[in-house]
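Peer 1: Quick one: this structure, given as structure tokens, is what I'll be asking you about.
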Amino acid sequence: MKIDLLLTALKDYSNCRIHLAKTAGGSRPLEVLARNDSGWKNWQKYKGGGRERFPEKHIITFAQISGNKFLFGGIFEITDRSGEEYDVELLDVHKDLIGRLVIEYSGDNKRGTAFTYDYIINNSKICELYPTRYRGEVFDSISVINHEYCSLETIVKNELPDWKTALSKVKGVYLLTDQNTGKHYVGSAYGNDGIWGRWSQYIYNYNGGNKELVQLTCEHGEEYFKNNFKFTVLETVGSSATDEEIIQKESLWKEKLMSKSFGYNAN
């Protein structure tokens, strides 16, 4: 299917630019689009360096899924370009396709993010249509969890039911890794909401109340935690395990990974 079929409601195709938002550093546009509309709207406000990257009236937006596949994020109109950022408003055009329609880009410019309408039309195609809007990845299994903060934030704040159900039932020992320094933090989850409840605390306050992580966010700010930390599960326990048994397993993992000597565990 050709991508120009998506744009039949726009009267002037020449007065729009395509934004293929790509992953940069710790920011994944796919997670921003999945998480909330206001955050995604903010991604369209950046004007660029010396010249405007969106000189046209409309911005047709897509968020990178992976490689050359991008998810439709809506059509925005630039209402004011006089300030340091654009003022933009989301149009009603094809709102039902936001987070559902996937295109495959085959152009030569793999690093660019802003393209003319004609270039994208000639170098892209519609390849998939999700039945419902993408709100975060589907849960697979505990064993494959190795997620950065931004991905887990989308899952927790959207309260994806498959993830919430699975992680709320699981107790055990988890690992946080600072990808900037390589330091570890080993923790345990044994409350009523299991790992889901414990990890939710990190998503909302960035430190989970842990002494060394509190100090870290005080010194470097919340963005440091958001941009650098990754979550995984080291060990799960059966439903009959006591809190004391889980804490003992936590202590053993601290010794194995030496997270008290070289990581963020204070005790």
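Quick note on naming: the chains in the structure tokens go A, B, ... in the order shown, residues restart at 1 in each chain, and ligands are numbered from 1 in order of appearance.
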Do a neighbour search on region 235-242 of chain A at 12 Å with only C-alpha atoms, toss out local chain neighbours closer than 3 positions, and write the hits as a PyMOL selection string.

Peer 2: chain A and resi 142-143+145+166-175+186-192+194-195+232+245-250+252-253

Peer 1: Can you list, as a PyMOL selection string, all residues belonging to region 46-178 of chain A that DSSP tags as helix (DSSP H, G or I)?

Peer 2: chain A and resi 95-97+117-123+142-144+149-157+161-168

Peer 1: Taking the DSSP secondary structure from the backbone, can you list the residues of region 21-251 of chain A that are strand (DSSP E), as a ChimeraX atom specification?

Peer 2: /A:21,58-66,69-80,87-90,101-105,114-116,124-129,146-148,171-178,184-189,229-237

Peer 1: Measuring atom to atom with only C-alpha atoms, identify which of A:Pro161, A:Gly208, A:Gly221, A:Gly182 is nearest to Ser259 (chain A).

Peer 2: A:Gly182

Peer 1: Determine, for each residue of region 153-255 of chain A having at least one atom at most 12 Å from an atom of region 32-50 of chain A, the closest pair of atoms and their separation in Å to one decimal, counting only C-alpha atoms; order by chain and ascending number, as CSV.

Peer 2:
```
residue,atom,partner,partner_atom,distance
A:Glu153,CA,A:Arg35,CA,8.1
A:Thr154,CA,A:Arg35,CA,5.2
A:Ile155,CA,A:Arg35,CA,8.2
A:Val156,CA,A:Arg35,CA,9.5
A:Lys157,CA,A:Arg35,CA,7.2
A:Asn158,CA,A:Arg35,CA,6.6
A:Glu159,CA,A:Arg35,CA,10.3
A:Leu160,CA,A:Arg35,CA,10.9
```

Peer 1: Rounded to one decimal, what separation in Å do you get between CA of Lys69 (chain A) and CA of Ile103 (chain A)?

Peer 2: 5.7 Å

Peer 1: May I have the residues within 6 Å of region 107-122 of chain A as a PDB file with N, CA and C atoms, in the first residue's frame, using only C-alpha atoms and disregarding those fewer than 3 positions away in the same chain?

Peer 2:
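Done, and the output landed in out24.pdb:
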```pdb
ATOM      1  N   ARG A  17       5.849  18.491   5.886  1.00  0.00           N
ATOM      2  CA  ARG A  17       7.137  17.799   5.984  1.00  0.00           C
ATOM      3  C   ARG A  17       6.941  16.569   6.852  1.00  0.00           C
ATOM      4  N   ILE A  18       7.702  15.526   6.545  1.00  0.00           N
ATOM      5  CA  ILE A  18       7.600  14.269   7.274  1.00  0.00           C
ATOM      6  C   ILE A  18       8.679  14.224   8.356  1.00  0.00           C
ATOM      7  N   HIS A  19       8.275  13.895   9.566  1.00  0.00           N
ATOM      8  CA  HIS A  19       9.225  13.769  10.687  1.00  0.00           C
ATOM      9  C   HIS A  19       9.352  12.295  11.053  1.00  0.00           C
ATOM     10  N   LEU A  20      10.507  11.704  10.764  1.00  0.00           N
ATOM     11  CA  LEU A  20      10.801  10.340  11.183  1.00  0.00           C
ATOM     12  C   LEU A  20      11.641  10.433  12.453  1.00  0.00           C
ATOM     13  N   ALA A  21      10.972  10.442  13.596  1.00  0.00           N
ATOM     14  CA  ALA A  21      11.661  10.592  14.880  1.00  0.00           C
ATOM     15  C   ALA A  21      12.420   9.310  15.208  1.00  0.00           C
TER      16      ALA A  21
END
```

Peer 1: Would you list the contacts of Val144 (chain A) as a list in words, taking every protein, DNA or RNA residue within 10 Å and counting only C-alpha atoms, but skipping same-chain residues closer than 3 positions in sequence?

Peer 2: Phe139, Asp140, Ser141, His147, Thr232 and Val233 of chain A

Peer 1: Write out the residues from the selection above, keeping N, CA, C and O atoms, as a PDB file, in the first residue's frame.

Peer 2:
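Saved the output as out21.pdb:
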```
ATOM      1  N   PHE A 139       4.038  -8.279  26.977  1.00  0.00           N
ATOM      2  CA  PHE A 139       4.855  -9.058  27.908  1.00  0.00           C
ATOM      3  C   PHE A 139       5.211 -10.406  27.295  1.00  0.00           C
ATOM      4  O   PHE A 139       4.363 -11.085  26.715  1.00  0.00           O
ATOM      5  N   ASP A 140       6.486 -10.787  27.446  1.00  0.00           N
ATOM      6  CA  ASP A 140       6.959 -12.071  26.945  1.00  0.00           C
ATOM      7  C   ASP A 140       7.171 -13.035  28.106  1.00  0.00           C
ATOM      8  O   ASP A 140       6.383 -13.945  28.329  1.00  0.00           O
ATOM      9  N   SER A 141       8.237 -12.841  28.855  1.00  0.00           N
ATOM     10  CA  SER A 141       8.510 -13.684  30.015  1.00  0.00           C
ATOM     11  C   SER A 141       9.465 -12.966  30.950  1.00  0.00           C
ATOM     12  O   SER A 141      10.169 -12.030  30.548  1.00  0.00           O
ATOM     13  N   HIS A 147      15.266  -4.248  30.587  1.00  0.00           N
ATOM     14  CA  HIS A 147      14.658  -3.042  30.059  1.00  0.00           C
ATOM     15  C   HIS A 147      15.247  -1.769  30.652  1.00  0.00           C
ATOM     16  O   HIS A 147      15.465  -1.672  31.866  1.00  0.00           O
ATOM     17  N   THR A 232      16.383  -5.673  35.465  1.00  0.00           N
ATOM     18  CA  THR A 232      16.237  -7.081  35.121  1.00  0.00           C
ATOM     19  C   THR A 232      15.950  -7.869  36.397  1.00  0.00           C
ATOM     20  O   THR A 232      16.063  -7.342  37.509  1.00  0.00           O
ATOM     21  N   VAL A 233      15.548  -9.123  36.244  1.00  0.00           N
ATOM     22  CA  VAL A 233      15.230  -9.993  37.373  1.00  0.00           C
ATOM     23  C   VAL A 233      16.325 -11.043  37.499  1.00  0.00           C
ATOM     24  O   VAL A 233      16.649 -11.728  36.530  1.00  0.00           O
TER      25      VAL A 233
END
```

Peer 1: Between A:Glu222, A:Glu244, A:Glu148, A:Glu212, which one has atoms that come closest to Lys260 (chain A), using only C-alpha atoms?

Peer 2: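 Checking each candidate against Lys260 (chain A), we get A:Glu212 as the closest.
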
Peer 1: Find the spatial neighbours of Leu90 (chain A), counting only C-alpha atoms, within a cut-off of 10 Å - ignore same-chain residues fewer than 6 positions away - and output them as number ranges by chain.

Peer 2: A: 37, 41, 58-60, 73-78

Peer 1: Produce a file of the selected residues containing all heavy atoms, as a PDB file, in the first residue's frame.

Peer 2:
```pdb
ATOM      1  N   ASP A  37       0.129  11.792  24.936  1.00  0.00           N
ATOM      2  CA  ASP A  37       0.048  12.684  23.782  1.00  0.00           C
ATOM      3  C   ASP A  37       0.834  13.971  23.987  1.00  0.00           C
ATOM      4  O   ASP A  37       1.405  14.509  23.035  1.00  0.00           O
ATOM      5  CB  ASP A  37      -1.420  13.015  23.490  1.00  0.00           C
ATOM      6  CG  ASP A  37      -2.193  11.803  23.004  1.00  0.00           C
ATOM      7  OD1 ASP A  37      -1.559  10.850  22.506  1.00  0.00           O
ATOM      8  OD2 ASP A  37      -3.433  11.799  23.133  1.00  0.00           O
ATOM      9  N   LYS A  41       3.718  15.501  21.555  1.00  0.00           N
ATOM     10  CA  LYS A  41       3.549  16.840  20.986  1.00  0.00           C
ATOM     11  C   LYS A  41       4.810  17.670  21.185  1.00  0.00           C
ATOM     12  O   LYS A  41       5.247  18.398  20.282  1.00  0.00           O
ATOM     13  CB  LYS A  41       2.345  17.527  21.636  1.00  0.00           C
ATOM     14  CG  LYS A  41       2.084  18.944  21.139  1.00  0.00           C
ATOM     15  CD  LYS A  41       0.860  19.528  21.833  1.00  0.00           C
ATOM     16  CE  LYS A  41       0.596  20.948  21.393  1.00  0.00           C
ATOM     17  NZ  LYS A  41      -0.602  21.531  22.060  1.00  0.00           N
ATOM     18  N   HIS A  58       2.570  21.923   7.918  1.00  0.00           N
ATOM     19  CA  HIS A  58       2.174  20.695   8.609  1.00  0.00           C
ATOM     20  C   HIS A  58       3.357  19.754   8.816  1.00  0.00           C
ATOM     21  O   HIS A  58       4.276  19.699   7.995  1.00  0.00           O
ATOM     22  CB  HIS A  58       1.086  19.962   7.813  1.00  0.00           C
ATOM     23  CG  HIS A  58      -0.190  20.720   7.702  1.00  0.00           C
ATOM     24  ND1 HIS A  58      -0.711  21.152   6.497  1.00  0.00           N
ATOM     25  CD2 HIS A  58      -1.044  21.155   8.652  1.00  0.00           C
ATOM     26  CE1 HIS A  58      -1.834  21.798   6.710  1.00  0.00           C
ATOM     27  NE2 HIS A  58      -2.059  21.818   8.011  1.00  0.00           N
ATOM     28  N   ILE A  59       3.325  19.013   9.923  1.00  0.00           N
ATOM     29  CA  ILE A  59       4.320  17.989  10.226  1.00  0.00           C
ATOM     30  C   ILE A  59       3.599  16.652  10.330  1.00  0.00           C
ATOM     31  O   ILE A  59       2.726  16.480  11.185  1.00  0.00           O
ATOM     32  CB  ILE A  59       5.050  18.271  11.553  1.00  0.00           C
ATOM     33  CG1 ILE A  59       5.534  19.722  11.638  1.00  0.00           C
ATOM     34  CG2 ILE A  59       6.200  17.297  11.745  1.00  0.00           C
ATOM     35  CD1 ILE A  59       6.007  20.115  13.029  1.00  0.00           C
ATOM     36  N   ILE A  60       3.965  15.726   9.474  1.00  0.00           N
ATOM     37  CA  ILE A  60       3.395  14.371   9.525  1.00  0.00           C
ATOM     38  C   ILE A  60       4.417  13.504  10.265  1.00  0.00           C
ATOM     39  O   ILE A  60       5.544  13.334   9.806  1.00  0.00           O
ATOM     40  CB  ILE A  60       3.134  13.827   8.118  1.00  0.00           C
ATOM     41  CG1 ILE A  60       2.210  14.791   7.362  1.00  0.00           C
ATOM     42  CG2 ILE A  60       2.516  12.427   8.180  1.00  0.00           C
ATOM     43  CD1 ILE A  60       2.095  14.495   5.889  1.00  0.00           C
ATOM     44  N   GLY A  73       2.402   8.879  14.100  1.00  0.00           N
ATOM     45  CA  GLY A  73       2.162   9.638  15.324  1.00  0.00           C
ATOM     46  C   GLY A  73       1.215  10.806  15.162  1.00  0.00           C
ATOM     47  O   GLY A  73       1.061  11.612  16.086  1.00  0.00           O
ATOM     48  N   GLY A  74       0.575  10.936  14.003  1.00  0.00           N
ATOM     49  CA  GLY A  74      -0.381  12.019  13.812  1.00  0.00           C
ATOM     50  C   GLY A  74       0.152  13.139  12.934  1.00  0.00           C
ATOM     51  O   GLY A  74       1.331  13.168  12.566  1.00  0.00           O
ATOM     52  N   ILE A  75      -0.723  14.068  12.597  1.00  0.00           N
ATOM     53  CA  ILE A  75      -0.389  15.217  11.757  1.00  0.00           C
ATOM     54  C   ILE A  75      -0.570  16.489  12.579  1.00  0.00           C
ATOM     55  O   ILE A  75      -1.640  16.737  13.130  1.00  0.00           O
ATOM     56  CB  ILE A  75      -1.262  15.269  10.498  1.00  0.00           C
ATOM     57  CG1 ILE A  75      -1.087  13.976   9.689  1.00  0.00           C
ATOM     58  CG2 ILE A  75      -0.913  16.485   9.638  1.00  0.00           C
ATOM     59  CD1 ILE A  75      -2.001  13.873   8.487  1.00  0.00           C
ATOM     60  N   PHE A  76       0.495  17.281  12.673  1.00  0.00           N
ATOM     61  CA  PHE A  76       0.478  18.505  13.468  1.00  0.00           C
ATOM     62  C   PHE A  76       0.520  19.727  12.555  1.00  0.00           C
ATOM     63  O   PHE A  76       1.147  19.702  11.490  1.00  0.00           O
ATOM     64  CB  PHE A  76       1.671  18.553  14.413  1.00  0.00           C
ATOM     65  CG  PHE A  76       1.601  17.555  15.533  1.00  0.00           C
ATOM     66  CD1 PHE A  76       2.008  16.230  15.332  1.00  0.00           C
ATOM     67  CD2 PHE A  76       1.140  17.915  16.784  1.00  0.00           C
ATOM     68  CE1 PHE A  76       1.955  15.309  16.369  1.00  0.00           C
ATOM     69  CE2 PHE A  76       1.078  17.008  17.822  1.00  0.00           C
ATOM     70  CZ  PHE A  76       1.485  15.698  17.616  1.00  0.00           C
ATOM     71  N   GLU A  77      -0.116  20.788  12.996  1.00  0.00           N
ATOM     72  CA  GLU A  77      -0.053  22.068  12.298  1.00  0.00           C
ATOM     73  C   GLU A  77       0.770  23.035  13.128  1.00  0.00           C
ATOM     74  O   GLU A  77       0.558  23.166  14.338  1.00  0.00           O
ATOM     75  CB  GLU A  77      -1.451  22.643  12.081  1.00  0.00           C
ATOM     76  CG  GLU A  77      -1.446  23.982  11.357  1.00  0.00           C
ATOM     77  CD  GLU A  77      -2.844  24.479  11.050  1.00  0.00           C
ATOM     78  OE1 GLU A  77      -3.688  23.665  10.631  1.00  0.00           O
ATOM     79  OE2 GLU A  77      -3.079  25.689  11.235  1.00  0.00           O
ATOM     80  N   ILE A  78       1.730  23.697  12.485  1.00  0.00           N
ATOM     81  CA  ILE A  78       2.519  24.723  13.171  1.00  0.00           C
ATOM     82  C   ILE A  78       1.689  26.001  13.202  1.00  0.00           C
ATOM     83  O   ILE A  78       1.391  26.600  12.169  1.00  0.00           O
ATOM     84  CB  ILE A  78       3.861  24.966  12.452  1.00  0.00           C
ATOM     85  CG1 ILE A  78       4.701  23.687  12.456  1.00  0.00           C
ATOM     86  CG2 ILE A  78       4.630  26.098  13.136  1.00  0.00           C
ATOM     87  CD1 ILE A  78       6.009  23.804  11.691  1.00  0.00           C
TER      88      ILE A  78
END
```

Peer 1: Could you tell me which of A:Val138, A:Leu216, A:Leu152, A:Val88 comes closest to Tyr202 (chain A) if we count only C-alpha atoms?

Peer 2: A:Leu152

Peer 1: Considering only C-alpha atoms, state which residue in the set A:Pro29, A:Gly67, A:Pro131, A:Gly209 is at the smallest distance from Tyr105 (chain A).

Peer 2: A:Gly67

Peer 1: With distances taken over only C-alpha atoms, which of A:Glu85, A:Leu257, A:Asn15, A:Lys164 is nearest to Gly197 (chain A)?

Peer 2: A:Lys164

Peer 1: What is the distance between CA of Leu213 (chain A) and CA of Phe231 (chain A), in Å to one decimal?

Peer 2: 14.0 Å
